[in-house]
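**Q** This is the content of model26.cif (mmCIF, C-alpha atoms):
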```cif
data_run
loop_
_atom_site.label_atom_id
_atom_site.label_comp_id
_atom_site.auth_asym_id
_atom_site.auth_seq_id
_atom_site.Cartn_x
_atom_site.Cartn_y
_atom_site.Cartn_z
CA MET E 6 -32.83 -33.48 27.88
CA ARG E 7 -32.87 -30.50 25.51
CA SER E 8 -29.57 -28.62 25.27
CA ALA E 9 -29.39 -25.38 27.20
CA PHE E 10 -28.08 -23.76 24.07
CA PHE E 11 -31.38 -24.01 22.23
CA SER E 12 -33.49 -20.86 22.55
CA LEU E 13 -37.15 -20.71 23.51
CA ARG E 14 -37.91 -20.32 19.82
CA ALA E 15 -37.47 -24.08 19.62
CA MET E 16 -40.75 -24.39 21.49
CA THR E 17 -42.62 -22.80 18.60
CA LYS E 18 -43.66 -25.18 15.84
CA LYS E 19 -42.28 -24.12 12.47
CA SER E 20 -42.58 -25.47 8.97
CA LEU E 21 -39.49 -27.11 7.52
CA GLN E 22 -38.87 -24.17 5.18
CA THR E 23 -39.03 -21.65 8.02
CA ALA E 24 -36.85 -23.86 10.20
CA LEU E 25 -34.21 -23.86 7.45
CA ILE E 26 -33.97 -20.06 7.81
CA HIS E 27 -34.74 -19.50 11.50
CA SER E 28 -32.60 -22.01 13.36
CA SER E 29 -33.14 -22.46 17.08
CA TYR E 30 -29.52 -23.27 17.77
CA GLU E 31 -27.38 -20.73 19.60
CA ALA E 32 -23.68 -21.43 19.99
CA PRO E 33 -22.44 -21.55 23.57
CA PRO E 34 -20.57 -18.40 24.70
CA GLY E 35 -16.92 -18.23 25.63
CA PHE E 36 -15.17 -19.55 22.52
CA ASP E 37 -11.75 -18.00 21.95
CA ALA E 38 -8.84 -18.67 19.58
CA PHE E 39 -5.84 -16.85 18.16
CA PRO E 40 -7.26 -16.13 14.68
CA THR E 41 -9.74 -13.30 14.29
CA ALA E 42 -13.14 -14.68 13.32
CA ILE E 43 -14.37 -14.09 9.78
CA HIS E 44 -17.68 -12.24 9.86
CA HIS E 45 -19.52 -12.33 6.54
CA ALA E 46 -22.32 -9.80 6.47
CA SER E 47 -24.14 -7.36 4.28
CA THR E 48 -27.18 -7.01 6.55
CA VAL E 49 -26.30 -6.38 10.19
CA LEU E 50 -29.00 -7.14 12.77
CA PHE E 51 -29.97 -4.72 15.55
CA LYS E 52 -31.41 -5.86 18.85
CA ASP E 53 -34.22 -3.31 18.61
CA VAL E 54 -35.35 -0.17 16.75
CA ALA E 55 -33.58 2.10 19.25
CA ALA E 56 -30.27 0.42 18.45
CA LEU E 57 -30.93 0.79 14.73
CA ARG E 58 -31.57 4.49 15.09
CA SER E 59 -28.62 5.20 17.39
CA GLY E 60 -25.95 3.46 15.30
CA GLU E 61 -23.58 5.88 13.54
CA TRP E 62 -21.42 4.59 10.69
CA LYS E 63 -19.07 7.58 10.82
CA GLU E 64 -18.26 7.07 14.48
CA LYS E 65 -18.15 3.28 14.20
CA ASN E 66 -19.74 3.06 17.63
CA ALA E 67 -21.93 0.20 16.42
CA TYR E 68 -22.21 -2.20 13.52
CA THR E 69 -24.63 -0.72 11.02
CA TYR E 70 -24.12 -2.41 7.65
CA GLY E 71 -21.54 -4.77 6.22
CA LEU E 72 -20.10 -2.08 3.95
CA HIS E 73 -19.20 0.02 7.00
CA GLY E 74 -17.45 -2.75 8.87
CA THR E 75 -17.66 -5.92 10.89
CA PRO E 76 -15.57 -7.15 13.84
CA THR E 77 -13.15 -8.60 11.25
CA THR E 78 -12.53 -5.34 9.41
CA PHE E 79 -12.57 -3.21 12.57
CA THR E 80 -9.83 -5.43 14.00
CA LEU E 81 -7.61 -5.03 10.93
CA GLU E 82 -8.16 -1.27 10.85
CA ALA E 83 -7.17 -0.95 14.51
CA ARG E 84 -3.99 -3.00 14.03
CA LEU E 85 -2.90 -1.07 10.95
CA ALA E 86 -3.47 2.26 12.70
CA GLU E 87 -1.36 1.03 15.62
CA ILE E 88 1.49 -0.04 13.32
CA GLU E 89 1.60 3.42 11.71
CA GLY E 90 1.05 5.33 14.95
CA GLY E 91 -2.27 6.67 13.67
CA GLU E 92 -5.72 7.03 15.24
CA PHE E 93 -8.08 6.08 12.41
CA CYS E 94 -7.98 3.62 9.53
CA LEU E 95 -10.26 2.82 6.59
CA LEU E 96 -9.92 -0.16 4.27
CA ALA E 97 -10.31 -0.03 0.49
CA PRO E 98 -10.47 -2.74 -2.20
CA SER E 99 -6.95 -1.95 -3.48
CA GLY E 100 -4.07 0.46 -3.04
CA LEU E 101 -5.30 2.49 -6.01
CA ALA E 102 -8.79 2.62 -4.52
CA ALA E 103 -7.25 4.05 -1.33
CA ILE E 104 -5.45 6.72 -3.39
CA ALA E 105 -8.66 7.62 -5.21
CA MET E 106 -10.53 7.81 -1.91
CA ILE E 107 -8.05 10.38 -0.60
CA ASP E 108 -8.27 12.48 -3.78
CA PHE E 109 -12.07 12.49 -3.84
CA ALA E 110 -12.20 13.28 -0.12
CA LEU E 111 -9.87 16.29 -0.24
CA LEU E 112 -10.11 17.76 -3.77
CA LYS E 113 -12.84 19.53 -5.69
CA THR E 114 -13.12 21.41 -8.97
CA GLY E 115 -10.70 24.35 -9.00
CA ASP E 116 -8.27 22.75 -6.54
CA ASP E 117 -4.65 21.88 -7.24
CA VAL E 118 -2.69 18.73 -6.30
CA LEU E 119 1.07 18.22 -6.46
CA LEU E 120 2.54 14.78 -7.16
CA PRO E 121 6.19 13.69 -7.25
CA ASP E 122 7.49 12.88 -10.70
CA ASN E 123 8.40 9.36 -9.50
CA VAL E 124 4.88 8.63 -8.25
CA TYR E 125 3.26 5.20 -8.66
CA ASN E 126 2.12 5.33 -12.28
CA PRO E 127 -1.61 4.62 -11.65
CA ASN E 128 -1.56 7.60 -9.26
CA ARG E 129 -0.07 9.70 -12.06
CA GLU E 130 -2.78 8.55 -14.46
CA LEU E 131 -5.43 9.30 -11.83
CA GLY E 132 -4.04 12.84 -11.59
CA ARG E 133 -4.37 13.24 -15.34
CA TRP E 134 -7.96 11.99 -15.18
CA LEU E 135 -8.83 14.42 -12.38
CA GLN E 136 -7.45 17.24 -14.48
CA GLN E 137 -9.15 16.18 -17.68
CA ASP E 138 -12.64 15.38 -16.34
CA TYR E 139 -12.95 17.11 -12.96
CA GLY E 140 -11.21 20.46 -13.34
CA ILE E 141 -8.57 19.68 -10.70
CA THR E 142 -5.07 20.80 -11.65
CA ALA E 143 -2.43 18.07 -11.24
CA ARG E 144 1.22 19.15 -11.34
CA TYR E 145 4.39 17.14 -10.89
CA TYR E 146 7.52 18.01 -8.94
CA ASP E 147 11.07 16.73 -8.55
CA PRO E 148 10.90 14.16 -5.72
CA LEU E 149 14.15 15.54 -4.27
CA ILE E 150 12.89 19.12 -4.16
CA GLY E 151 12.60 19.20 -0.35
CA ALA E 152 11.79 22.62 1.08
CA GLY E 153 11.89 24.04 -2.44
CA ILE E 154 8.37 22.76 -2.95
CA ALA E 155 7.18 25.92 -1.21
CA ALA E 156 7.65 27.80 -4.49
CA LEU E 157 5.20 25.45 -6.22
CA ILE E 158 2.39 25.62 -3.68
CA GLN E 159 -0.41 27.90 -4.85
CA PRO E 160 -3.37 29.26 -2.85
CA ASN E 161 -5.55 26.51 -4.36
CA THR E 162 -3.06 23.69 -3.67
CA LYS E 163 -4.93 21.48 -1.24
CA LEU E 164 -2.91 18.27 -1.34
CA VAL E 165 0.72 17.25 -1.81
CA TRP E 166 1.37 13.59 -2.56
CA THR E 167 4.65 11.98 -1.53
CA GLU E 168 6.07 8.51 -2.08
CA ALA E 169 9.02 7.27 -0.07
CA PRO E 170 10.86 6.05 -1.97
CA GLY E 171 9.55 6.16 -5.53
CA SER E 172 8.54 2.58 -6.21
CA VAL E 173 10.42 2.33 -9.53
CA SER E 174 13.27 4.86 -9.55
CA MET E 175 13.78 4.78 -5.76
CA GLU E 176 14.50 8.45 -4.93
CA VAL E 177 13.89 9.14 -1.23
CA PRO E 178 12.28 12.53 -0.52
CA ASP E 179 12.89 14.84 2.42
CA LEU E 180 9.47 14.31 3.94
CA ALA E 181 9.95 16.60 6.92
CA ALA E 182 10.91 19.54 4.69
CA ILE E 183 8.03 18.92 2.28
CA CYS E 184 5.53 18.67 5.15
CA LYS E 185 6.70 21.90 6.77
CA ALA E 186 6.52 23.81 3.49
CA ALA E 187 3.06 22.43 2.71
CA HIS E 188 1.67 23.14 6.17
CA ASP E 189 3.04 26.66 6.14
CA LYS E 190 0.86 27.26 3.09
CA GLY E 191 -2.21 25.37 4.29
CA ALA E 192 -1.87 22.18 2.22
CA LEU E 193 -2.18 18.62 3.47
CA VAL E 194 0.44 15.95 2.77
CA ALA E 195 -0.37 12.35 1.84
CA LEU E 196 2.28 9.63 1.90
CA ASP E 197 2.28 6.38 -0.01
CA ASN E 198 4.08 4.28 2.59
CA THR E 199 3.67 0.93 0.83
CA TRP E 200 7.40 0.40 0.33
CA SER E 201 8.08 0.22 4.07
CA ALA E 202 4.68 -1.20 5.14
CA GLY E 203 4.76 1.17 8.11
CA LEU E 204 7.57 -0.88 9.62
CA ALA E 205 10.60 1.11 8.47
CA LEU E 206 9.20 4.67 8.26
CA ARG E 207 7.06 6.60 10.75
CA GLY E 208 5.43 9.13 8.47
CA PHE E 209 3.28 10.86 11.06
CA ASP E 210 6.37 11.68 13.11
CA LEU E 211 7.72 13.60 10.10
CA GLY E 212 4.56 15.67 9.71
CA VAL E 213 2.54 13.63 7.20
CA ASP E 214 -1.24 14.07 7.50
CA ILE E 215 -2.48 10.98 5.67
CA ILE E 216 -0.79 7.63 5.11
CA MET E 217 -1.86 5.26 2.39
CA GLN E 218 -0.70 1.68 1.99
CA ALA E 219 -1.36 -1.12 -0.48
CA LEU E 220 -1.97 -4.09 1.80
CA THR E 221 -1.51 -6.24 -1.29
CA LYS E 222 2.20 -6.27 -0.50
CA TYR E 223 3.93 -7.25 2.76
CA GLN E 224 0.81 -7.23 4.92
CA SER E 225 -0.75 -10.19 3.15
CA GLY E 226 2.56 -11.63 2.00
CA GLY E 227 0.95 -14.22 -0.24
CA SER E 228 0.55 -12.40 -3.57
CA ASP E 229 -3.15 -13.28 -3.39
CA VAL E 230 -4.95 -10.24 -1.93
CA LEU E 231 -5.92 -6.83 -3.26
CA MET E 232 -6.53 -4.27 -0.51
CA GLY E 233 -5.56 -0.77 0.57
CA ALA E 234 -5.70 1.34 3.70
CA VAL E 235 -5.90 5.04 4.58
CA ILE E 236 -4.61 5.96 8.03
CA THR E 237 -4.96 9.34 9.74
CA ARG E 238 -4.51 11.02 13.10
CA ASP E 239 -6.69 14.11 12.72
CA ARG E 240 -10.42 13.48 13.25
CA GLY E 241 -11.49 16.15 10.78
CA VAL E 242 -9.36 14.67 8.00
CA HIS E 243 -10.56 11.19 8.90
CA GLU E 244 -14.20 12.23 8.67
CA ARG E 245 -13.68 13.68 5.20
CA VAL E 246 -12.04 10.46 4.04
CA ALA E 247 -14.72 8.38 5.79
CA THR E 248 -17.43 10.27 3.90
CA ALA E 249 -15.72 9.51 0.59
CA HIS E 250 -15.28 5.90 1.70
CA MET E 251 -19.03 5.62 2.31
CA ARG E 252 -20.19 7.54 -0.79
CA LEU E 253 -17.91 5.50 -3.06
CA GLY E 254 -18.94 2.21 -1.44
CA MET E 255 -15.40 1.12 -0.64
CA GLY E 256 -16.08 -2.27 0.91
CA VAL E 257 -13.61 -5.16 1.34
CA SER E 258 -14.34 -8.86 1.71
CA ALA E 259 -14.18 -10.59 5.07
CA ASP E 260 -12.07 -13.41 3.63
CA ASP E 261 -9.47 -11.02 2.21
CA THR E 262 -9.42 -9.14 5.51
CA TYR E 263 -8.73 -12.39 7.32
CA LEU E 264 -5.83 -13.18 4.98
CA VAL E 265 -4.21 -9.83 5.79
CA LEU E 266 -4.79 -10.34 9.53
CA ARG E 267 -3.20 -13.78 9.23
CA GLY E 268 -0.13 -12.25 7.59
CA LEU E 269 0.48 -9.51 10.16
CA PRO E 270 2.13 -11.60 12.92
CA THR E 271 4.96 -12.63 10.61
CA MET E 272 5.21 -9.40 8.62
CA LYS E 273 8.15 -7.86 10.47
CA MET E 274 10.22 -11.05 10.25
CA ARG E 275 9.39 -11.45 6.56
CA PHE E 276 10.21 -7.79 5.88
CA GLU E 277 13.61 -8.19 7.51
CA ALA E 278 14.28 -11.36 5.51
CA HIS E 279 13.33 -9.56 2.28
CA ASP E 280 15.64 -6.69 3.30
CA SER E 281 18.60 -8.96 4.03
CA GLY E 282 18.22 -10.89 0.79
CA ALA E 283 17.74 -7.75 -1.30
CA ARG E 284 20.86 -6.07 0.05
CA LYS E 285 22.92 -9.15 -0.72
CA VAL E 286 21.61 -9.43 -4.28
CA ALA E 287 21.90 -5.66 -4.86
CA ALA E 288 25.50 -5.59 -3.61
CA TRP E 289 26.38 -8.45 -5.99
CA LEU E 290 24.72 -6.64 -8.90
CA LYS E 291 26.58 -3.45 -8.07
CA ALA E 292 29.87 -5.20 -8.83
CA ARG E 293 28.72 -6.55 -12.18
CA PRO E 294 30.03 -4.85 -15.34
CA GLU E 295 26.64 -5.25 -17.04
CA ILE E 296 25.01 -2.98 -14.46
CA GLY E 297 25.47 0.77 -14.74
CA ARG E 298 23.79 1.68 -11.48
CA VAL E 299 21.97 0.06 -8.57
CA LEU E 300 19.04 2.10 -7.21
CA HIS E 301 18.68 0.89 -3.63
CA PRO E 302 17.88 3.50 -0.95
CA ALA E 303 20.27 1.88 1.55
CA PHE E 304 23.21 2.43 -0.84
CA GLU E 305 25.06 5.73 -0.55
CA ASP E 306 24.81 6.63 -4.23
CA CYS E 307 21.02 6.24 -4.40
CA PRO E 308 19.33 9.65 -4.78
CA GLY E 309 18.03 10.77 -1.40
CA HIS E 310 20.06 8.19 0.53
CA GLU E 311 20.74 10.77 3.27
CA ASN E 312 16.97 11.05 3.81
CA TRP E 313 16.64 7.27 3.97
CA LYS E 314 19.47 7.05 6.48
CA ARG E 315 17.87 9.70 8.69
CA ASP E 316 14.23 8.57 8.51
CA PHE E 317 14.15 4.82 7.82
CA THR E 318 15.05 1.77 9.88
CA GLY E 319 14.98 -0.81 7.06
CA ALA E 320 14.56 -1.32 3.35
CA GLY E 321 12.47 -4.38 2.44
CA GLY E 322 12.93 -6.30 -0.78
CA LEU E 323 12.31 -3.82 -3.61
CA PHE E 324 15.04 -2.07 -5.60
CA SER E 325 15.93 -1.30 -9.23
CA VAL E 326 18.98 -1.42 -11.46
CA LEU E 327 19.99 0.47 -14.58
CA PHE E 328 21.79 -1.66 -17.13
CA ASP E 329 24.87 -0.27 -18.81
CA ALA E 330 23.82 1.96 -21.69
CA ARG E 331 25.47 -0.32 -24.22
CA TYR E 332 22.67 -2.87 -23.76
CA THR E 333 19.47 -2.46 -25.76
CA GLU E 334 15.92 -3.00 -24.60
CA GLU E 335 15.83 -6.18 -26.66
CA GLN E 336 18.84 -7.52 -24.79
CA THR E 337 17.53 -6.65 -21.34
CA ASP E 338 14.13 -8.14 -22.19
CA ARG E 339 15.99 -11.32 -23.11
CA PHE E 340 17.72 -11.19 -19.73
CA VAL E 341 14.39 -10.96 -17.88
CA ASP E 342 12.92 -13.77 -19.97
CA ALA E 343 15.92 -15.96 -19.11
CA LEU E 344 15.38 -15.74 -15.35
CA THR E 345 13.94 -18.92 -13.89
CA LEU E 346 13.42 -18.06 -10.21
CA PHE E 347 11.96 -14.60 -10.88
CA GLY E 348 8.41 -14.21 -12.09
CA ILE E 349 7.60 -11.42 -14.52
CA GLY E 350 4.86 -9.40 -12.88
CA TYR E 351 3.96 -6.29 -10.93
CA SER E 352 3.77 -5.87 -7.14
CA TRP E 353 6.11 -6.95 -4.37
CA GLY E 354 6.14 -8.23 -0.79
CA GLY E 355 5.34 -11.85 -1.60
CA ALA E 356 7.49 -14.93 -1.07
CA ASN E 357 8.33 -15.20 -4.78
CA SER E 358 10.89 -12.97 -6.45
CA LEU E 359 9.87 -10.78 -9.40
CA ALA E 360 11.59 -8.82 -12.16
CA VAL E 361 9.97 -6.15 -14.35
CA PRO E 362 11.59 -3.96 -17.03
CA TYR E 363 10.36 -0.34 -17.18
CA ARG E 364 10.59 2.26 -19.91
CA ILE E 365 11.59 4.82 -17.33
CA GLN E 366 12.50 7.55 -19.82
CA ALA E 367 8.87 7.61 -20.98
CA MET E 368 7.54 7.61 -17.40
CA ARG E 369 9.70 10.39 -15.98
CA LYS E 370 9.77 13.87 -17.50
CA GLU E 371 13.12 14.79 -15.97
CA TRP E 372 14.87 11.42 -16.21
CA LYS E 373 18.42 11.90 -17.43
CA ASP E 374 20.13 8.56 -16.79
CA GLY E 375 20.65 6.18 -19.68
CA GLY E 376 20.21 2.44 -19.63
CA VAL E 377 17.20 0.16 -19.30
CA LEU E 378 15.69 -0.04 -15.81
CA VAL E 379 14.71 -3.39 -14.30
CA ARG E 380 13.00 -3.55 -10.91
CA PHE E 381 13.56 -6.53 -8.65
CA ASN E 382 11.40 -7.78 -5.81
CA ILE E 383 13.59 -10.13 -3.78
CA GLY E 384 11.37 -12.76 -2.25
CA LEU E 385 12.13 -15.33 0.42
CA GLU E 386 14.22 -17.70 -1.69
CA ASP E 387 17.88 -18.27 -0.79
CA PRO E 388 19.65 -15.15 -2.12
CA ASP E 389 22.57 -17.27 -3.35
CA ASP E 390 20.17 -19.17 -5.60
CA LEU E 391 18.77 -15.87 -6.90
CA ILE E 392 22.28 -14.58 -7.62
CA ALA E 393 23.12 -17.75 -9.54
CA ASP E 394 19.91 -17.35 -11.54
CA ILE E 395 20.73 -13.72 -12.38
CA GLU E 396 24.28 -14.67 -13.34
CA ARG E 397 22.98 -17.28 -15.79
CA ALA E 398 20.51 -14.78 -17.26
CA LEU E 399 23.18 -12.09 -17.66
CA ALA E 400 25.02 -14.41 -20.04
CA THR E 401 22.18 -13.90 -22.52
CA LEU E 402 23.22 -10.27 -22.90
CA ARG E 403 26.30 -11.45 -24.76
CA ALA E 404 24.37 -13.77 -27.06
CA ALA E 405 24.26 -12.83 -30.73
#
```
What do you get writing this file as structure tokens?
**A**
Amino acid sequence: MRSAFFSLRAMTKKSLQTALIHSSYEAPPGFDAFPTAIHHASTVLFKDVAALRSGEWKEKNAYTYGLHGTPTTFTLEARLAEIEGGEFCLLAPSGLAAIAMIDFALLKTGDDVLLPDNVYNPNRELGRWLQQDYGITARYYDPLIGAGIAALIQPNTKLVWTEAPGSVSMEVPDLAAICKAAHDKGALVALDNTWSAGLALRGFDLGVDIIMQALTKYQSGGSDVLMGAVITRDRGVHERVATAHMRLGMGVSADDTYLVLRGLPTMKMRFEAHDSGARKVAAWLKARPEIGRVLHPAFEDCPGHENWKRDFTGAGGLFSVLFDARYTEEQTDRFVDALTLFGIGYSWGGANSLAVPYRIQAMRKEWKDGGVLVRFNIGLEDPDDLIADIERALATLRAA
């Protein structure tokens, strides 16, 4: 007896080649499982011409083309929006792609954008490119300026970028004050909320208009995915970003989307483990004579700590240290090379710890502190093992 799950098309005789393309098998309905299914698609099929003509990619009321979303990507977008307390979400191929999408959606020739001086360096370079090739003025402000940013906002200032905290030097801005000043003068505020993954900071509640995240970090948790997200509450702002998303062809792969979805259920527990380990390692480093300063937002002497204490509920695994000024770059590079449990590489949020030295004086116009800066991502290793590794590496500072 022929299976009930074969369609009537099976009754039509087909050549072998056609049968290889037009299978008669239809899977039985009702399958369900915990993981979200991976839908690979460029072409999306419509049941009829009327459905094709009624589908609207902006509204996402139907599936129209793979670039504009599948059940896999729609599911991730909805979950990320819920985590941040937003209404709309769009995925991008990387965190930097998400930043670029926001800039191209909201800025045009003659406009002005303000960026904090501690901004993620590719965002800084993007600002320079916008100014050089697109006639958009990019200016930089002290990340701790707070309400004082009002004096910098011009009639043509359309966007104010914020980063909380700065992902290298760790200053924590007064987001509420910056948002109020910007809104009073008609500018929108975008927040890079990658550091807290939306778990430890509710940016929309402080007045932020647009939240960007690099899903490369805690959301995937495996150091194996590049992806970004732009989350909004206001429909008008969302539609502007959605238009840029479509015009720039910002698609993401179904497999990468699945990897991020797979990481979400454990993200909060991993974030808290990163936080606990990082605080332990940072506290140990703070007592070391080789370290001039620990830049960890949860520590009272970190710039903007009062803002962190008021607005954040956690800290994750990323912080920086400044070595005592008596140590040269050559010595601190030797320290980083001597670490065995820390990889040397950019990013954070994965299970493996990382250490990266930065030439912070060259990056920051107003940087006044001395000493070489090294940024640590504390992974999920035992923090006591990481401390022992750092202690061994610090001994190289005293080598001839």
**Q** Report, in Å to a single decimal, how far apart atom CA of E:Ala105 and atom CA of E:Tyr139 are.
**A**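 That distance, rounded to one decimal, is 13.0 Å.
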**Q** What lies within 7 Å of stretch 147-164 of chain E using all atoms listed in the file, ignoring chain neighbours under 6 positions off, as an NGL selection string?
**A** :E and (112 or 116-119 or 121-123 or 176 or 178-179 or 182-183 or 186-187 or 192-194 or 309)
**Q** Do you have, as a Markdown table, the list of residues of stretch 253-336 of chain E lying at most 9 Å from stretch 33-55 of chain E, each with its nearest atom pair and that distance in Å to one decimal, counting all atoms listed in the file and ordered by chain then number?
**A**
```
| residue | atom | partner | partner_atom | distance |
| --- | --- | --- | --- | --- |
| E:Ser258 | CA | E:His45 | CA | 7.9 |
| E:Ala259 | CA | E:His45 | CA | 5.8 |
| E:Asp260 | CA | E:Ile43 | CA | 6.6 |
| E:Thr262 | CA | E:Ile43 | CA | 8.2 |
| E:Tyr263 | CA | E:Ile43 | CA | 6.4 |
| E:Leu266 | CA | E:Thr41 | CA | 7.5 |
| E:Arg267 | CA | E:Pro40 | CA | 7.2 |
```
**Q** Skip E:Cys94 itself and residues of its chain fewer than 3 positions away, then list as a PDB file with C-alpha atoms, in the coordinates of the input all residues within 9 Å of it, counting only C-alpha atoms.
**A**
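result_24.pdb, written as the output of this step:
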```pdb
ATOM      1  CA  PHE E  79     -12.570  -3.210  12.570  1.00  0.00           C
ATOM      2  CA  LEU E  81      -7.610  -5.030  10.930  1.00  0.00           C
ATOM      3  CA  GLU E  82      -8.160  -1.270  10.850  1.00  0.00           C
ATOM      4  CA  ALA E  83      -7.170  -0.950  14.510  1.00  0.00           C
ATOM      5  CA  ARG E  84      -3.990  -3.000  14.030  1.00  0.00           C
ATOM      6  CA  LEU E  85      -2.900  -1.070  10.950  1.00  0.00           C
ATOM      7  CA  ALA E  86      -3.470   2.260  12.700  1.00  0.00           C
ATOM      8  CA  GLY E  91      -2.270   6.670  13.670  1.00  0.00           C
ATOM      9  CA  ALA E 234      -5.700   1.340   3.700  1.00  0.00           C
ATOM     10  CA  VAL E 235      -5.900   5.040   4.580  1.00  0.00           C
ATOM     11  CA  ILE E 236      -4.610   5.960   8.030  1.00  0.00           C
ATOM     12  CA  THR E 237      -4.960   9.340   9.740  1.00  0.00           C
ATOM     13  CA  ARG E 238      -4.510  11.020  13.100  1.00  0.00           C
ATOM     14  CA  HIS E 243     -10.560  11.190   8.900  1.00  0.00           C
TER      15      HIS E 243
END
```
**Q** Using the chain letters and numbering of this document, enumerate as a list in words the residues selected by the PyMOL selection byres ((chain E and resi 130) around 12).
**A** Leu101, Ile104, Ala105, Leu120, Asp122, Val124, Tyr125, Asn126, Pro127, Asn128, Arg129, Leu131, Gly132, Arg133, Trp134, Leu135, Gln136, Gln137, Ala143, Arg144, Tyr145 and Met368 of chain E
**Q** Might you spell out which residues the PyMOL selection byres ((chain E and resi 250) around 9) would select in the displayed file, as JSON, numbers by chain?
**A** {"E": [73, 95, 96, 97, 103, 106, 107, 110, 245, 246, 247, 248, 249, 251, 252, 253, 254, 255, 256]}
**Q** Kindly indicate which residue among E:Arg339, E:Ala181, E:Gly297, E:Asn312 lies nearest to E:Arg397, using only C-alpha atoms for the distances.
**A**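 Residue with the minimum atom-to-atom distance to E:Arg397: E:Arg339.
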**Q** Translate the PyMOL selection byres ((chain E and resi 208) around 9) into a concrete residue list for this structure, as a PyMOL selection string.
**A** chain E and resi 89-90+180-181+196+198+203+206-207+209-216+316
**Q** So, with all atoms listed in the file as the atoms that count, which of E:Arg240, E:Lys18, E:His279, E:Lys190 lies closest to E:Asn357?
**A** E:His279
**Q** Write out as a compact mmCIF listing (two decimals) with C-alpha atoms, keeping the file's coordinate frame which residues come within 12 Å of E:Val299 when counting only C-alpha atoms, dropping same-chain ones fewer than 3 positions away.
**A**
```
# COMPACT_ATOMS: atom_id res chain seq x y z
CA VAL E 173 10.42 2.33 -9.53
CA SER E 174 13.27 4.86 -9.55
CA MET E 175 13.78 4.78 -5.76
CA GLU E 176 14.50 8.45 -4.93
CA ALA E 283 17.74 -7.75 -1.30
CA ARG E 284 20.86 -6.07 0.05
CA VAL E 286 21.61 -9.43 -4.28
CA ALA E 287 21.90 -5.66 -4.86
CA ALA E 288 25.50 -5.59 -3.61
CA TRP E 289 26.38 -8.45 -5.99
CA LEU E 290 24.72 -6.64 -8.90
CA LYS E 291 26.58 -3.45 -8.07
CA ALA E 292 29.87 -5.20 -8.83
CA ARG E 293 28.72 -6.55 -12.18
CA PRO E 294 30.03 -4.85 -15.34
CA GLU E 295 26.64 -5.25 -17.04
CA ILE E 296 25.01 -2.98 -14.46
CA PRO E 302 17.88 3.50 -0.95
CA ALA E 303 20.27 1.88 1.55
CA PHE E 304 23.21 2.43 -0.84
CA GLU E 305 25.06 5.73 -0.55
CA ASP E 306 24.81 6.63 -4.23
CA CYS E 307 21.02 6.24 -4.40
CA PRO E 308 19.33 9.65 -4.78
CA LEU E 323 12.31 -3.82 -3.61
CA PHE E 324 15.04 -2.07 -5.60
CA SER E 325 15.93 -1.30 -9.23
CA VAL E 326 18.98 -1.42 -11.46
CA LEU E 327 19.99 0.47 -14.58
CA PHE E 328 21.79 -1.66 -17.13
CA ASP E 329 24.87 -0.27 -18.81
CA ASP E 374 20.13 8.56 -16.79
CA GLY E 376 20.21 2.44 -19.63
CA VAL E 377 17.20 0.16 -19.30
CA LEU E 378 15.69 -0.04 -15.81
CA VAL E 379 14.71 -3.39 -14.30
CA ARG E 380 13.00 -3.55 -10.91
CA PHE E 381 13.56 -6.53 -8.65
```
**Q** From the set E:Gly354, E:Pro170, E:Gly60, E:Pro388, which residue has the shortest atom-to-atom contact distance to E:Lys285, counting all atoms listed in the file?
**A**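 Ranking E:Gly354, E:Pro170, E:Gly60, E:Pro388 by distance to E:Lys285, first place goes to E:Pro388.
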**Q** Have a look at atom CA of E:Ala320 and atom CA of E:Leu300 and let me know their distance in Å, one decimal.
**A**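 Result for atom CA of E:Ala320 versus atom CA of E:Leu300: 12.0 Å, one decimal.
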**Q** If you measure from atom CA of E:Thr333 to atom CA of E:Ile365, what distance in Å do you get, rounded to one decimal?
**A**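 Atom-to-atom, atom CA of E:Thr333 to atom CA of E:Ile365, that is 13.6 Å.
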